[in-house]
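data_6.csv, holding CSV, C-alpha atoms and all ligand atoms:
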chain,number,residue,atom,x,y,z
A,1,MET,CA,0.0,0.0,0.0
A,2,HIS,CA,1.4,3.4,-1.0
A,3,ASP,CA,0.2,6.9,-0.2
A,4,VAL,CA,0.7,8.0,-3.8
A,5,LEU,CA,1.2,6.2,-7.2
A,6,ILE,CA,2.5,8.4,-9.9
A,7,ILE,CA,2.2,7.3,-13.5
A,8,GLY,CA,4.8,8.9,-15.8
A,9,ALA,CA,8.3,10.2,-15.0
A,10,GLY,CA,8.7,13.2,-17.2
A,11,PRO,CA,9.2,16.7,-15.6
A,12,ALA,CA,5.7,16.6,-14.0
A,13,GLY,CA,6.0,13.1,-12.5
A,14,LEU,CA,9.5,13.7,-11.2
A,15,SER,CA,8.5,17.0,-9.6
A,16,ALA,CA,5.5,15.4,-8.0
A,17,ALA,CA,7.7,12.6,-6.7
A,18,ARG,CA,10.3,15.0,-5.3
A,19,TRP,CA,7.6,16.9,-3.5
A,20,CYS,CA,5.8,13.8,-2.2
A,21,ASP,CA,9.2,12.7,-0.8
A,22,GLU,CA,9.8,16.0,0.9
A,23,LEU,CA,6.3,15.9,2.4
A,24,GLY,CA,6.9,12.4,3.8
A,25,LEU,CA,4.5,10.5,1.5
A,26,ASN,CA,5.2,6.9,0.6
A,27,THR,CA,5.4,7.1,-3.2
A,28,LEU,CA,6.0,4.8,-6.2
A,29,VAL,CA,6.6,6.2,-9.7
A,30,LEU,CA,5.7,4.0,-12.7
A,31,GLU,CA,7.4,4.8,-16.0
A,32,GLN,CA,6.9,2.8,-19.2
A,33,ALA,CA,10.1,3.9,-20.8
A,34,GLU,CA,13.6,2.6,-20.0
A,35,GLU,CA,14.7,6.0,-18.6
A,36,VAL,CA,13.0,8.9,-17.0
A,37,GLY,CA,12.6,12.4,-18.6
A,38,GLY,CA,9.7,12.1,-21.1
A,39,GLN,CA,9.8,14.7,-23.8
A,40,LEU,CA,13.0,16.1,-22.5
A,41,LEU,CA,14.8,13.2,-24.1
A,42,SER,CA,13.7,14.5,-27.5
A,43,VAL,CA,14.6,18.2,-27.0
A,44,HIS,CA,17.8,18.7,-29.0
A,45,ASN,CA,17.9,22.5,-28.7
A,46,ALA,CA,19.1,24.4,-25.7
A,47,VAL,CA,16.6,24.9,-23.0
A,48,GLU,CA,16.8,28.5,-21.9
A,49,ASN,CA,13.4,29.2,-20.6
A,50,TYR,CA,13.3,27.2,-17.4
A,51,LEU,CA,14.0,29.7,-14.7
A,52,GLY,CA,17.5,29.5,-13.1
A,53,VAL,CA,18.8,26.8,-15.4
A,54,ARG,CA,20.5,26.8,-18.8
A,55,ALA,CA,20.8,23.4,-20.4
A,56,ALA,CA,22.5,22.6,-23.7
A,57,ASN,CA,19.5,20.3,-24.4
A,58,GLY,CA,16.7,18.4,-22.8
A,59,ARG,CA,18.8,15.4,-21.8
A,60,GLN,CA,21.1,17.7,-19.8
A,61,LEU,CA,18.1,19.2,-18.0
A,62,ARG,CA,16.8,15.7,-17.3
A,63,ASP,CA,20.1,14.7,-15.8
A,64,LEU,CA,19.9,17.7,-13.4
A,65,PHE,CA,16.4,16.6,-12.4
A,66,ALA,CA,17.5,13.0,-12.0
A,67,GLU,CA,20.6,14.0,-9.9
A,68,GLU,CA,18.3,15.7,-7.5
A,69,THR,CA,15.7,13.0,-7.3
A,70,ASN,CA,18.4,10.3,-6.9
A,71,ASP,CA,18.7,11.5,-3.3
A,72,CYS,CA,15.0,11.0,-2.6
A,73,GLU,CA,13.4,7.9,-1.1
A,74,PHE,CA,10.5,7.4,-3.4
A,75,ASP,CA,10.5,4.2,-5.5
A,76,LEU,CA,10.8,4.4,-9.2
A,77,TRP,CA,10.1,1.5,-11.5
A,78,THR,CA,10.9,1.9,-15.2
A,79,ASN,CA,10.0,-0.4,-18.2
A,80,VAL,CA,6.6,-0.8,-16.6
A,81,GLU,CA,3.5,-1.9,-18.6
A,82,LEU,CA,0.1,-1.2,-17.0
A,83,ASP,CA,-2.4,-4.0,-17.3
A,84,SER,CA,-5.5,-2.6,-15.6
A,85,VAL,CA,-6.2,0.7,-13.8
A,86,ASN,CA,-9.2,1.2,-11.5
A,87,LEU,CA,-9.0,4.8,-10.5
A,88,LYS,CA,-12.0,4.8,-8.2
A,89,ALA,CA,-10.5,2.0,-6.2
A,90,LYS,CA,-6.9,3.3,-6.7
A,91,ARG,CA,-5.8,-0.1,-7.8
A,92,ILE,CA,-3.3,-0.7,-10.6
A,93,THR,CA,-2.1,-4.0,-11.9
A,94,LEU,CA,1.0,-4.4,-14.1
A,95,LYS,CA,1.6,-6.8,-16.9
A,96,SER,CA,4.3,-8.3,-14.8
A,97,GLY,CA,1.7,-9.4,-12.3
A,98,GLU,CA,2.1,-6.9,-9.4
A,99,ALA,CA,-1.0,-5.5,-7.9
A,100,LEU,CA,-0.6,-2.0,-6.5
A,101,GLN,CA,-2.9,0.0,-4.2
A,102,SER,CA,-2.7,3.6,-3.0
A,103,ILE,CA,-4.6,6.4,-1.4
A,104,ALA,CA,-4.0,8.9,-4.2
A,105,VAL,CA,-3.0,8.5,-7.9
A,106,ILE,CA,-1.3,11.2,-10.0
A,107,ILE,CA,-1.5,10.9,-13.8
A,108,ALA,CA,1.6,12.4,-15.4
A,109,THR,CA,1.7,10.6,-18.7
A,110,GLY,CA,2.3,13.6,-21.0
A,111,LEU,CA,2.0,13.5,-24.7
A,112,ARG,CA,3.2,11.6,-27.7
A,113,ARG,CA,3.6,12.7,-31.3
A,114,ARG,CA,0.6,12.1,-33.5
A,115,THR,CA,1.2,9.6,-36.3
A,116,LEU,CA,-0.2,9.3,-39.8
A,117,GLY,CA,-0.9,5.6,-39.8
A,118,ILE,CA,0.4,5.2,-43.4
A,119,PRO,CA,2.5,2.5,-45.0
A,120,GLY,CA,6.2,3.2,-44.5
A,121,GLU,CA,5.8,5.4,-41.4
A,122,THR,CA,7.2,2.9,-38.9
A,123,GLU,CA,9.3,0.8,-41.3
A,124,PHE,CA,11.6,3.6,-42.3
A,125,VAL,CA,12.2,5.2,-38.9
A,126,GLY,CA,15.9,5.9,-38.7
A,127,ARG,CA,16.2,5.0,-42.4
A,128,GLY,CA,15.1,8.3,-43.9
A,129,ILE,CA,12.4,9.2,-41.5
A,130,ILE,CA,14.1,11.6,-39.1
A,131,GLU,CA,13.2,12.7,-35.6
A,132,SER,CA,14.4,16.3,-35.6
A,133,GLY,CA,15.5,18.9,-38.2
A,134,ALA,CA,18.0,20.3,-35.7
A,135,ARG,CA,19.5,17.0,-34.7
A,136,ASP,CA,19.5,15.2,-38.1
A,137,ARG,CA,20.3,18.2,-40.3
A,138,GLU,CA,23.8,17.1,-41.3
A,139,GLN,CA,22.6,13.6,-42.1
A,140,LEU,CA,20.2,15.1,-44.6
A,141,ALA,CA,22.5,17.7,-46.1
A,142,GLY,CA,22.4,17.6,-49.9
A,143,LYS,CA,19.2,15.5,-50.0
A,144,ASP,CA,15.7,16.2,-51.0
A,145,VAL,CA,13.2,16.1,-48.1
A,146,CYS,CA,9.5,16.2,-47.4
A,147,VAL,CA,8.2,17.7,-44.2
A,148,ILE,CA,4.6,16.8,-43.3
A,149,GLY,CA,2.5,19.2,-41.2
A,150,GLY,CA,1.3,22.8,-41.2
A,151,GLY,CA,2.0,24.1,-37.7
A,152,ASP,CA,5.0,25.9,-36.2
A,153,ALA,CA,7.0,22.7,-35.6
A,154,ALA,CA,6.7,21.6,-39.2
A,155,ALA,CA,7.5,25.1,-40.5
A,156,GLU,CA,10.5,25.6,-38.3
A,157,ASN,CA,11.9,22.2,-39.1
A,158,ALA,CA,11.4,22.9,-42.9
A,159,LEU,CA,13.3,26.1,-42.6
A,160,VAL,CA,16.2,24.4,-40.7
A,161,LEU,CA,16.4,21.7,-43.3
A,162,ALA,CA,16.2,24.3,-46.2
A,163,GLU,CA,19.6,25.6,-45.0
A,164,VAL,CA,21.3,22.4,-46.1
A,165,CYS,CA,18.9,20.6,-48.5
A,166,PRO,CA,18.4,21.4,-52.2
A,167,THR,CA,14.7,21.0,-52.0
A,168,VAL,CA,12.2,20.9,-49.1
A,169,THR,CA,8.6,20.1,-49.8
A,170,LEU,CA,6.1,20.9,-47.1
A,171,VAL,CA,2.9,19.0,-47.4
A,172,HIS,CA,-0.1,19.9,-45.2
A,173,ARG,CA,-3.9,19.3,-45.2
A,174,GLY,CA,-5.2,22.8,-44.6
A,175,ARG,CA,-5.8,25.6,-47.1
A,176,LYS,CA,-3.4,27.8,-45.2
A,177,LEU,CA,-0.5,27.1,-42.9
A,178,ARG,CA,-1.2,27.2,-39.2
A,179,ALA,CA,2.4,28.2,-38.4
A,180,ARG,CA,3.1,31.7,-37.1
A,181,ARG,CA,3.3,34.4,-39.8
A,182,GLU,CA,7.0,34.9,-39.6
A,183,PHE,CA,7.6,31.2,-40.5
A,184,SER,CA,4.9,31.1,-43.2
A,185,GLU,CA,6.4,34.2,-44.9
A,186,GLN,CA,9.9,32.7,-44.8
A,187,LEU,CA,8.7,29.4,-46.2
A,188,HIS,CA,6.7,31.0,-49.1
A,189,THR,CA,9.7,33.1,-50.2
A,190,HIS,CA,12.5,30.5,-49.6
A,191,HIS,CA,13.9,29.4,-53.0
A,192,CYS,CA,14.4,25.8,-51.8
A,193,VAL,CA,10.9,25.3,-50.3
A,194,THR,CA,7.7,24.3,-52.0
A,195,VAL,CA,4.5,24.2,-50.0
A,196,PHE,CA,1.7,21.8,-51.0
A,197,PRO,CA,-1.6,22.9,-49.2
A,198,GLU,CA,-4.7,20.7,-49.2
A,199,SER,CA,-2.5,17.7,-49.7
A,200,GLN,CA,-1.7,14.5,-47.9
A,201,VAL,CA,1.1,12.0,-48.0
A,202,ARG,CA,-0.5,8.5,-48.5
A,203,ARG,CA,2.6,6.3,-48.5
A,204,ILE,CA,6.3,6.5,-47.8
A,205,LEU,CA,8.1,4.3,-50.3
A,206,GLY,CA,11.5,2.7,-50.6
A,207,ASP,CA,13.5,-0.5,-50.6
A,208,ASP,CA,15.9,-0.3,-47.7
A,209,ARG,CA,15.6,3.4,-47.1
A,210,VAL,CA,13.1,6.2,-48.0
A,211,GLU,CA,13.1,6.8,-51.7
A,212,ALA,CA,9.8,8.6,-52.4
A,213,VAL,CA,6.5,9.8,-51.0
A,214,GLU,CA,3.1,9.3,-52.6
A,215,ILE,CA,1.2,12.6,-52.4
A,216,GLU,CA,-2.5,13.2,-53.0
A,217,ARG,CA,-3.1,16.9,-53.8
A,218,GLY,CA,-6.4,18.5,-53.4
A,219,GLY,CA,-8.1,18.8,-56.8
A,220,ALA,CA,-5.7,16.4,-58.5
A,221,ILE,CA,-7.2,13.2,-59.9
A,222,LYS,CA,-4.5,10.8,-59.1
A,223,PRO,CA,-1.8,10.6,-56.4
A,224,PHE,CA,1.7,11.1,-57.6
A,225,GLN,CA,5.1,10.0,-56.4
A,226,MET,CA,7.9,12.5,-55.5
A,227,ALA,CA,11.5,11.3,-55.0
A,228,VAL,CA,12.9,12.2,-51.6
A,229,GLN,CA,15.5,10.8,-49.3
A,230,GLY,CA,14.2,12.2,-46.1
A,231,VAL,CA,10.8,12.6,-44.4
A,232,LEU,CA,10.0,14.5,-41.2
A,233,ILE,CA,6.5,14.2,-39.7
A,234,ARG,CA,5.2,17.0,-37.4
A,235,ILE,CA,1.4,16.7,-37.2
A,236,GLY,CA,0.8,17.6,-33.6
A,237,TRP,CA,0.5,15.8,-30.2
A,238,GLN,CA,-1.8,13.2,-28.6
A,239,PRO,CA,-2.3,13.0,-24.8
A,240,ASN,CA,-1.5,9.6,-23.3
A,241,THR,CA,-5.0,9.0,-21.8
A,242,GLU,CA,-6.3,5.8,-23.5
A,243,PHE,CA,-5.8,3.9,-20.2
A,244,VAL,CA,-8.1,6.3,-18.3
A,245,ARG,CA,-10.8,6.7,-21.0
A,246,GLY,CA,-14.2,6.0,-19.5
A,247,GLN,CA,-12.9,6.6,-15.9
A,248,LEU,CA,-11.9,10.3,-16.0
A,249,GLU,CA,-13.6,13.3,-17.6
A,250,LEU,CA,-11.5,14.2,-20.7
A,251,ASP,CA,-11.9,17.2,-23.0
A,252,GLU,CA,-12.8,17.0,-26.7
A,253,ASN,CA,-9.1,16.3,-27.6
A,254,ASP,CA,-8.6,13.7,-24.9
A,255,TYR,CA,-6.8,15.8,-22.4
A,256,VAL,CA,-7.7,15.2,-18.8
A,257,SER,CA,-10.1,17.9,-17.4
A,258,ILE,CA,-8.9,19.2,-14.1
A,259,GLY,CA,-9.7,21.8,-11.4
A,260,SER,CA,-7.5,24.5,-10.0
A,261,GLN,CA,-5.8,22.0,-7.6
A,262,GLN,CA,-5.0,19.5,-10.4
A,263,GLU,CA,-7.9,17.3,-9.3
A,264,THR,CA,-9.7,15.2,-11.8
A,265,SER,CA,-13.4,14.1,-11.9
A,266,VAL,CA,-12.5,11.1,-9.5
A,267,ALA,CA,-11.7,11.8,-5.9
A,268,ASN,CA,-8.0,11.7,-5.0
A,269,VAL,CA,-6.9,11.3,-8.6
A,270,PHE,CA,-4.9,14.1,-10.0
A,271,ALA,CA,-3.5,14.9,-13.4
A,272,ILE,CA,-0.4,17.1,-13.9
A,273,GLY,CA,1.7,18.4,-16.8
A,274,ASP,CA,1.0,18.3,-20.5
A,275,VAL,CA,-1.6,15.5,-20.2
A,276,ALA,CA,-3.9,18.1,-18.5
A,277,ASN,CA,-2.6,21.2,-20.2
A,278,PRO,CA,-3.8,21.6,-23.8
A,279,LEU,CA,-3.1,25.3,-24.0
A,280,ALA,CA,0.3,26.0,-22.5
A,281,PRO,CA,2.4,22.9,-22.1
A,282,THR,CA,5.8,23.8,-20.7
A,283,ILE,CA,8.5,22.3,-18.4
A,284,ALA,CA,7.8,25.0,-15.8
A,285,GLY,CA,4.1,24.3,-15.9
A,286,ALA,CA,4.6,20.6,-15.5
A,287,VAL,CA,7.0,21.0,-12.6
A,288,GLY,CA,4.6,23.5,-10.9
A,289,ALA,CA,1.6,21.2,-11.3
A,290,GLY,CA,3.6,18.4,-9.7
A,291,ALA,CA,4.3,20.5,-6.7
A,292,THR,CA,0.6,21.5,-6.4
A,293,ALA,CA,-0.7,18.0,-6.6
A,294,ALA,CA,1.8,16.7,-4.0
A,295,LYS,CA,1.0,19.5,-1.6
A,296,VAL,CA,-2.8,19.1,-2.0
A,297,ILE,CA,-2.5,15.3,-1.4
A,298,ALA,CA,-0.3,15.8,1.7
A,299,SER,CA,-2.7,18.3,3.3
A,300,ARG,CA,-5.7,16.0,2.6
A,301,LEU,CA,-3.9,13.0,4.1
A,302,GLN,CA,-3.1,15.1,7.2
A,303,GLN,CA,-6.8,15.8,7.6
A,304,ARG,CA,-7.8,12.1,7.5
B,401,LIG,C1,11.3,19.3,-29.2
B,401,LIG,C2,10.7,19.8,-28.0
B,401,LIG,C3,11.1,21.0,-27.5
B,401,LIG,C4,10.6,21.6,-26.3
B,401,LIG,N1,11.1,22.7,-25.8
B,401,LIG,C5,10.7,23.2,-24.7
B,401,LIG,C6,11.2,24.4,-24.1
B,401,LIG,O1,12.2,25.0,-24.6
B,401,LIG,N2,10.7,24.9,-22.9
B,401,LIG,C7,9.6,24.3,-22.3
B,401,LIG,O2,9.2,24.7,-21.3
B,401,LIG,N3,9.1,23.1,-22.8
B,401,LIG,C8,9.6,22.6,-24.0
B,401,LIG,N4,9.0,21.5,-24.5
B,401,LIG,C9,7.8,20.8,-23.8
B,401,LIG,C10,8.2,20.1,-22.5
B,401,LIG,O3,9.2,19.1,-22.9
B,401,LIG,C11,7.0,19.4,-21.9
B,401,LIG,O4,6.1,20.5,-21.6
B,401,LIG,C12,7.3,18.6,-20.7
B,401,LIG,O5,8.2,17.6,-21.0
B,401,LIG,C13,6.0,18.0,-20.1
B,401,LIG,O6,6.3,17.2,-19.1
B,401,LIG,P1,5.3,16.0,-18.6
B,401,LIG,O7,6.0,15.3,-17.5
B,401,LIG,O8,4.0,16.6,-18.4
B,401,LIG,O9,5.1,15.0,-19.9
B,401,LIG,P2,6.2,14.2,-20.7
B,401,LIG,O10,7.5,14.9,-20.8
B,401,LIG,O11,5.5,13.8,-21.9
B,401,LIG,O12,6.4,12.9,-19.8
B,401,LIG,C14,5.4,11.9,-19.7
B,401,LIG,C15,6.1,10.6,-19.2
B,401,LIG,O13,5.0,9.6,-18.9
B,401,LIG,C16,5.4,8.4,-19.5
B,401,LIG,N5,4.2,7.6,-19.8
B,401,LIG,C17,3.3,7.8,-20.7
B,401,LIG,N6,2.3,6.9,-20.7
B,401,LIG,C18,2.6,6.0,-19.7
B,401,LIG,C19,2.0,4.8,-19.1
B,401,LIG,N7,0.9,4.3,-19.6
B,401,LIG,N8,2.6,4.2,-18.1
B,401,LIG,C20,3.8,4.7,-17.6
B,401,LIG,N9,4.4,5.8,-18.1
B,401,LIG,C21,3.8,6.5,-19.1
B,401,LIG,C22,6.2,8.7,-20.7
B,401,LIG,O14,7.0,7.6,-21.1
B,401,LIG,C23,7.0,10.0,-20.2
B,401,LIG,O15,8.2,9.6,-19.6
B,401,LIG,C24,9.6,20.9,-25.6
B,401,LIG,C25,9.1,19.7,-26.1
B,401,LIG,C26,9.6,19.1,-27.3
B,401,LIG,C27,9.2,17.8,-27.8

So, in terms of structure tokens, how does the structure I just supplied come out?
Ligand SMILES: Cc1cc2nc3c(=O)[nH]c(=O)nc-3n(C[C@H](O)[C@H](O)[C@H](O)COP(=O)(O)OP(=O)(O)OC[C@H]3O[C@@H](n4cnc5c(N)ncnc54)[C@H](O)[C@@H]3O)c2cc1C
Amino acid sequence: MHDVLIIGAGPAGLSAARWCDELGLNTLVLEQAEEVGGQLLSVHNAVENYLGVRAANGRQLRDLFAEETNDCEFDLWTNVELDSVNLKAKRITLKSGEALQSIAVIIATGLRRRTLGIPGETEFVGRGIIESGARDREQLAGKDVCVIGGGDAAAENALVLAEVCPTVTLVHRGRKLRARREFSEQLHTHHCVTVFPESQVRRILGDDRVEAVEIERGGAIKPFQMAVQGVLIRIGWQPNTEFVRGQLELDENDYVSIGSQQETSVANVFAIGDVANPLAPTIAGAVGAGATAAKVIASRLQQR
């Protein structure tokens, strides 16, 4: 029996665990990945907007978080696979067989990148499908690339790649780019960049590596193939809430609905960080929400 079970060990979960520890709560953190850090592990740029810290990249910031939490007494299990979650009863069972019980549960499962679900998307990961324009730029220098998506992340990555690639084709579904105006203007005037609005990539093709994409353009009768050697997909984010669907109130985009103290629609179940923050997901917000949830739980337990 634990006081608190925390699901997810990104910035939000680690912050909550650190605070639970300080407040004397018996806490277990469950993380599905091999290592803690969540999205920080895919931040390849410098992090300069978390107050008091300058980190060369997300991993370095994660290391600073981990260094601090290493001294704490909470338990942390990584590589965990949830089997069933009963939030009302605060009972969680793991695929490995353990049955866990607590007084409070904190959901800190963050977001994952949306996927297209098209042929080639998983097969060519690391073989032409890249994770980040900033990180993989040099690998794609001199190659033709396709960037999929119409928001800021797609636009920014397309511009980064256009510095080293002869052609960058940005394919997006909408009539207009959703990216901020400064990015859209640069894209539309950049000599290497072509923007295909109202279009969709239907397949990513190749033998051993990416060799082409099949594009369906709005108005065109037939899809056509375009030779590229690199593909970057940036079509938004999806909250990791499948395992609580039907138990917690979610908003129309599947984010957990919460009150001002991070509490969900089920008593003593809290949600913190990006999974409950559709409007302004940040490291600072996630860390702050973790502190709030831990303090609210501690004061409730004191009153019992
Ligand atoms: C490229 C990039 C750049 C960014 N730059 C900045 C920046 O400069 N400044 C800033 O403030 N923010 C930045 N962010 C956003 C920031 O990283 C997030 O706001 C922050 O990581 C959110 O923390 P979180 O703990 O809520 O979620 P996450 O970081 O998403 O962590 C969630 C954790 O939960 C785990 N999990 C998910 N499902 C389960 C499950 N079923 N069981 C167990 N564990 C599970 C995941 O494996 C993960 O470890 C950036 C993000 C990206 C991707």

* **Point-to-point distance in Å for atom CA of Asp152 of chain A and atom CA of Phe183 of chain A** =>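 Taking atom CA of Phe183 of chain A and atom CA of Asp152 of chain A, their separation equals 7.3 Å.
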
* Just the residues within 12 Å of Arg304 of chain A, please, counting all atoms listed in the file, with nothing from its chain fewer than 6 positions along; format it as number ranges by chain. => A: 103, 297-298

* To do: Check the smallest atom-to-atom distance from each of A:Ile130, A:Leu87, A:Val210, A:Ile221 to Ser265 of chain A using all atoms listed in the file, then report the winner.
  =>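 Nearest to Ser265 of chain A: A:Leu87.
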
* To do: Enter the distance from atom CA of Thr194 of chain A to atom CA of Thr169 of chain A, in Å, rounded to one decimal.
  =>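 Computing it gives 4.8 Å between the two atoms.
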
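Our summary of the geometry notes that atom CA of Leu187 of chain A is positioned 19.4 Å from atom CA of Ile215 of chain A.
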
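Among the candidates A:Gly246, A:Pro166, A:Gly52, A:Gly58, the one nearest to ligand LIG 401 (chain B) when counting all atoms listed in the file is A:Gly58.
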
* Kindly provide, as a PyMOL selection string, the polymer residues lying within 10 Å of (7.2, 25.5, -15.1), counting all atoms listed in the file and using the coordinates exactly as they appear in the file. => chain A and resi 11-12+49-51+273+281-290

* Would you kindly return, as an NGL selection string, each protein, DNA or RNA residue with an atom no farther than 8 Å from any atom of Ala154 of chain A, considering only C-alpha atoms and excluding same-chain residues fewer than 6 positions away? => :A and (147-148 or 170 or 179 or 233-235)

* Compare A:Ile6, A:Gly24, A:Leu14, A:Arg112 by their minimum atom-to-atom distance to Ser299 of chain A, counting all atoms listed in the file, and give me the closest one. => A:Gly24

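Nearest to ligand LIG 401 (chain B) of all the residues A:Glu131, A:Glu249, A:Glu73, A:Glu31 is A:Glu31, counting all atoms listed in the file.
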
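Among the candidate residues A:Glu123, A:Leu111, A:Ser42, A:Leu232, the one lying nearest to Glu156 of chain A is A:Leu232, with distances computed using all atoms listed in the file.
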
* **Residue contacts of Ser257 of chain A (12 Å, only C-alpha atoms) excluding same-chain residues fewer than 4 positions away, as a list in words** =>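 Close residues of Ser257 of chain A: Ile107, Pro239, Thr241, Val244, Arg245, Gln247, Leu248, Glu249, Leu250, Asp251, Glu252, Asn253, Gln261, Gln262, Glu263, Thr264, Ser265, Val266, Val269, Phe270, Ala271, Ile272, Gly273, Asp274, Val275, Ala276, Asn277 and Pro278 of chain A.
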
* Structure fact -> Using all atoms listed in the file, the shortest atom-to-atom distance to ligand LIG 401 (chain B) among A:Arg135, A:Arg178, A:His2, A:Arg127 belongs to A:Arg135

* Residues at most 9 Å from segment 199-207 of chain A, counting only C-alpha atoms, excluding those fewer than 4 positions away in the same chain, as a PyMOL selection string? -> chain A and resi 116+118-121+124+148+171-175+211-218+223+225+231

With C-alpha atoms retained, export the selected residues as an mmCIF file, in the frame of the given file.
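Heads up, here's the output in again34.cif:
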data_model
loop_
_atom_site.group_PDB
_atom_site.id
_atom_site.type_symbol
_atom_site.label_atom_id
_atom_site.label_comp_id
_atom_site.auth_asym_id
_atom_site.auth_seq_id
_atom_site.Cartn_x
_atom_site.Cartn_y
_atom_site.Cartn_z
ATOM 1 C CA LEU A 116 -0.200 9.300 -39.800
ATOM 2 C CA ILE A 118 0.400 5.200 -43.400
ATOM 3 C CA PRO A 119 2.500 2.500 -45.000
ATOM 4 C CA GLY A 120 6.200 3.200 -44.500
ATOM 5 C CA GLU A 121 5.800 5.400 -41.400
ATOM 6 C CA PHE A 124 11.600 3.600 -42.300
ATOM 7 C CA ILE A 148 4.600 16.800 -43.300
ATOM 8 C CA VAL A 171 2.900 19.000 -47.400
ATOM 9 C CA HIS A 172 -0.100 19.900 -45.200
ATOM 10 C CA ARG A 173 -3.900 19.300 -45.200
ATOM 11 C CA GLY A 174 -5.200 22.800 -44.600
ATOM 12 C CA ARG A 175 -5.800 25.600 -47.100
ATOM 13 C CA GLU A 211 13.100 6.800 -51.700
ATOM 14 C CA ALA A 212 9.800 8.600 -52.400
ATOM 15 C CA VAL A 213 6.500 9.800 -51.000
ATOM 16 C CA GLU A 214 3.100 9.300 -52.600
ATOM 17 C CA ILE A 215 1.200 12.600 -52.400
ATOM 18 C CA GLU A 216 -2.500 13.200 -53.000
ATOM 19 C CA ARG A 217 -3.100 16.900 -53.800
ATOM 20 C CA GLY A 218 -6.400 18.500 -53.400
ATOM 21 C CA PRO A 223 -1.800 10.600 -56.400
ATOM 22 C CA GLN A 225 5.100 10.000 -56.400
ATOM 23 C CA VAL A 231 10.800 12.600 -44.400
#

Complete the atom set of segment 96-111 of chain A to N, CA and C atoms and return it as a PDB file, keeping the file's coordinate frame.
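Output below, filename out-v6.pdb:
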ATOM      1  N   SER A  96       3.415  -7.376 -15.490  1.00  0.00           N
ATOM      2  CA  SER A  96       4.300  -8.300 -14.800  1.00  0.00           C
ATOM      3  C   SER A  96       3.675  -9.027 -13.643  1.00  0.00           C
ATOM      4  N   GLY A  97       2.424  -8.644 -13.304  1.00  0.00           N
ATOM      5  CA  GLY A  97       1.700  -9.400 -12.300  1.00  0.00           C
ATOM      6  C   GLY A  97       1.479  -8.631 -10.969  1.00  0.00           C
ATOM      7  N   GLU A  98       2.306  -7.603 -10.683  1.00  0.00           N
ATOM      8  CA  GLU A  98       2.100  -6.900  -9.400  1.00  0.00           C
ATOM      9  C   GLU A  98       0.805  -6.194  -9.326  1.00  0.00           C
ATOM     10  N   ALA A  99       0.202  -6.231  -8.124  1.00  0.00           N
ATOM     11  CA  ALA A  99      -1.000  -5.500  -7.900  1.00  0.00           C
ATOM     12  C   ALA A  99      -0.684  -4.363  -6.898  1.00  0.00           C
ATOM     13  N   LEU A 100      -0.991  -3.138  -7.270  1.00  0.00           N
ATOM     14  CA  LEU A 100      -0.600  -2.000  -6.500  1.00  0.00           C
ATOM     15  C   LEU A 100      -1.846  -1.268  -5.964  1.00  0.00           C
ATOM     16  N   GLN A 101      -1.733  -0.708  -4.772  1.00  0.00           N
ATOM     17  CA  GLN A 101      -2.900   0.000  -4.200  1.00  0.00           C
ATOM     18  C   GLN A 101      -2.354   1.269  -3.527  1.00  0.00           C
ATOM     19  N   SER A 102      -3.133   2.355  -3.644  1.00  0.00           N
ATOM     20  CA  SER A 102      -2.700   3.600  -3.000  1.00  0.00           C
ATOM     21  C   SER A 102      -3.887   4.408  -2.542  1.00  0.00           C
ATOM     22  N   ILE A 103      -3.577   5.522  -1.873  1.00  0.00           N
ATOM     23  CA  ILE A 103      -4.600   6.400  -1.400  1.00  0.00           C
ATOM     24  C   ILE A 103      -4.921   7.452  -2.525  1.00  0.00           C
ATOM     25  N   ALA A 104      -3.852   7.908  -3.157  1.00  0.00           N
ATOM     26  CA  ALA A 104      -4.000   8.900  -4.200  1.00  0.00           C
ATOM     27  C   ALA A 104      -3.249   8.413  -5.479  1.00  0.00           C
ATOM     28  N   VAL A 105      -3.722   8.861  -6.643  1.00  0.00           N
ATOM     29  CA  VAL A 105      -3.000   8.500  -7.900  1.00  0.00           C
ATOM     30  C   VAL A 105      -2.778   9.858  -8.638  1.00  0.00           C
ATOM     31  N   ILE A 106      -1.585   9.981  -9.192  1.00  0.00           N
ATOM     32  CA  ILE A 106      -1.300  11.200 -10.000  1.00  0.00           C
ATOM     33  C   ILE A 106      -0.987  10.673 -11.449  1.00  0.00           C
ATOM     34  N   ILE A 107      -1.740  11.202 -12.389  1.00  0.00           N
ATOM     35  CA  ILE A 107      -1.500  10.900 -13.800  1.00  0.00           C
ATOM     36  C   ILE A 107      -0.575  11.934 -14.382  1.00  0.00           C
ATOM     37  N   ALA A 108       0.588  11.484 -14.872  1.00  0.00           N
ATOM     38  CA  ALA A 108       1.600  12.400 -15.400  1.00  0.00           C
ATOM     39  C   ALA A 108       2.145  11.869 -16.702  1.00  0.00           C
ATOM     40  N   THR A 109       1.247  11.389 -17.552  1.00  0.00           N
ATOM     41  CA  THR A 109       1.700  10.600 -18.700  1.00  0.00           C
ATOM     42  C   THR A 109       1.964  11.414 -19.971  1.00  0.00           C
ATOM     43  N   GLY A 110       1.801  12.731 -19.911  1.00  0.00           N
ATOM     44  CA  GLY A 110       2.300  13.600 -21.000  1.00  0.00           C
ATOM     45  C   GLY A 110       1.640  13.324 -22.347  1.00  0.00           C
ATOM     46  N   LEU A 111       2.437  13.602 -23.358  1.00  0.00           N
ATOM     47  CA  LEU A 111       2.000  13.500 -24.700  1.00  0.00           C
ATOM     48  C   LEU A 111       2.884  12.666 -25.584  1.00  0.00           C
TER      49      LEU A 111
END
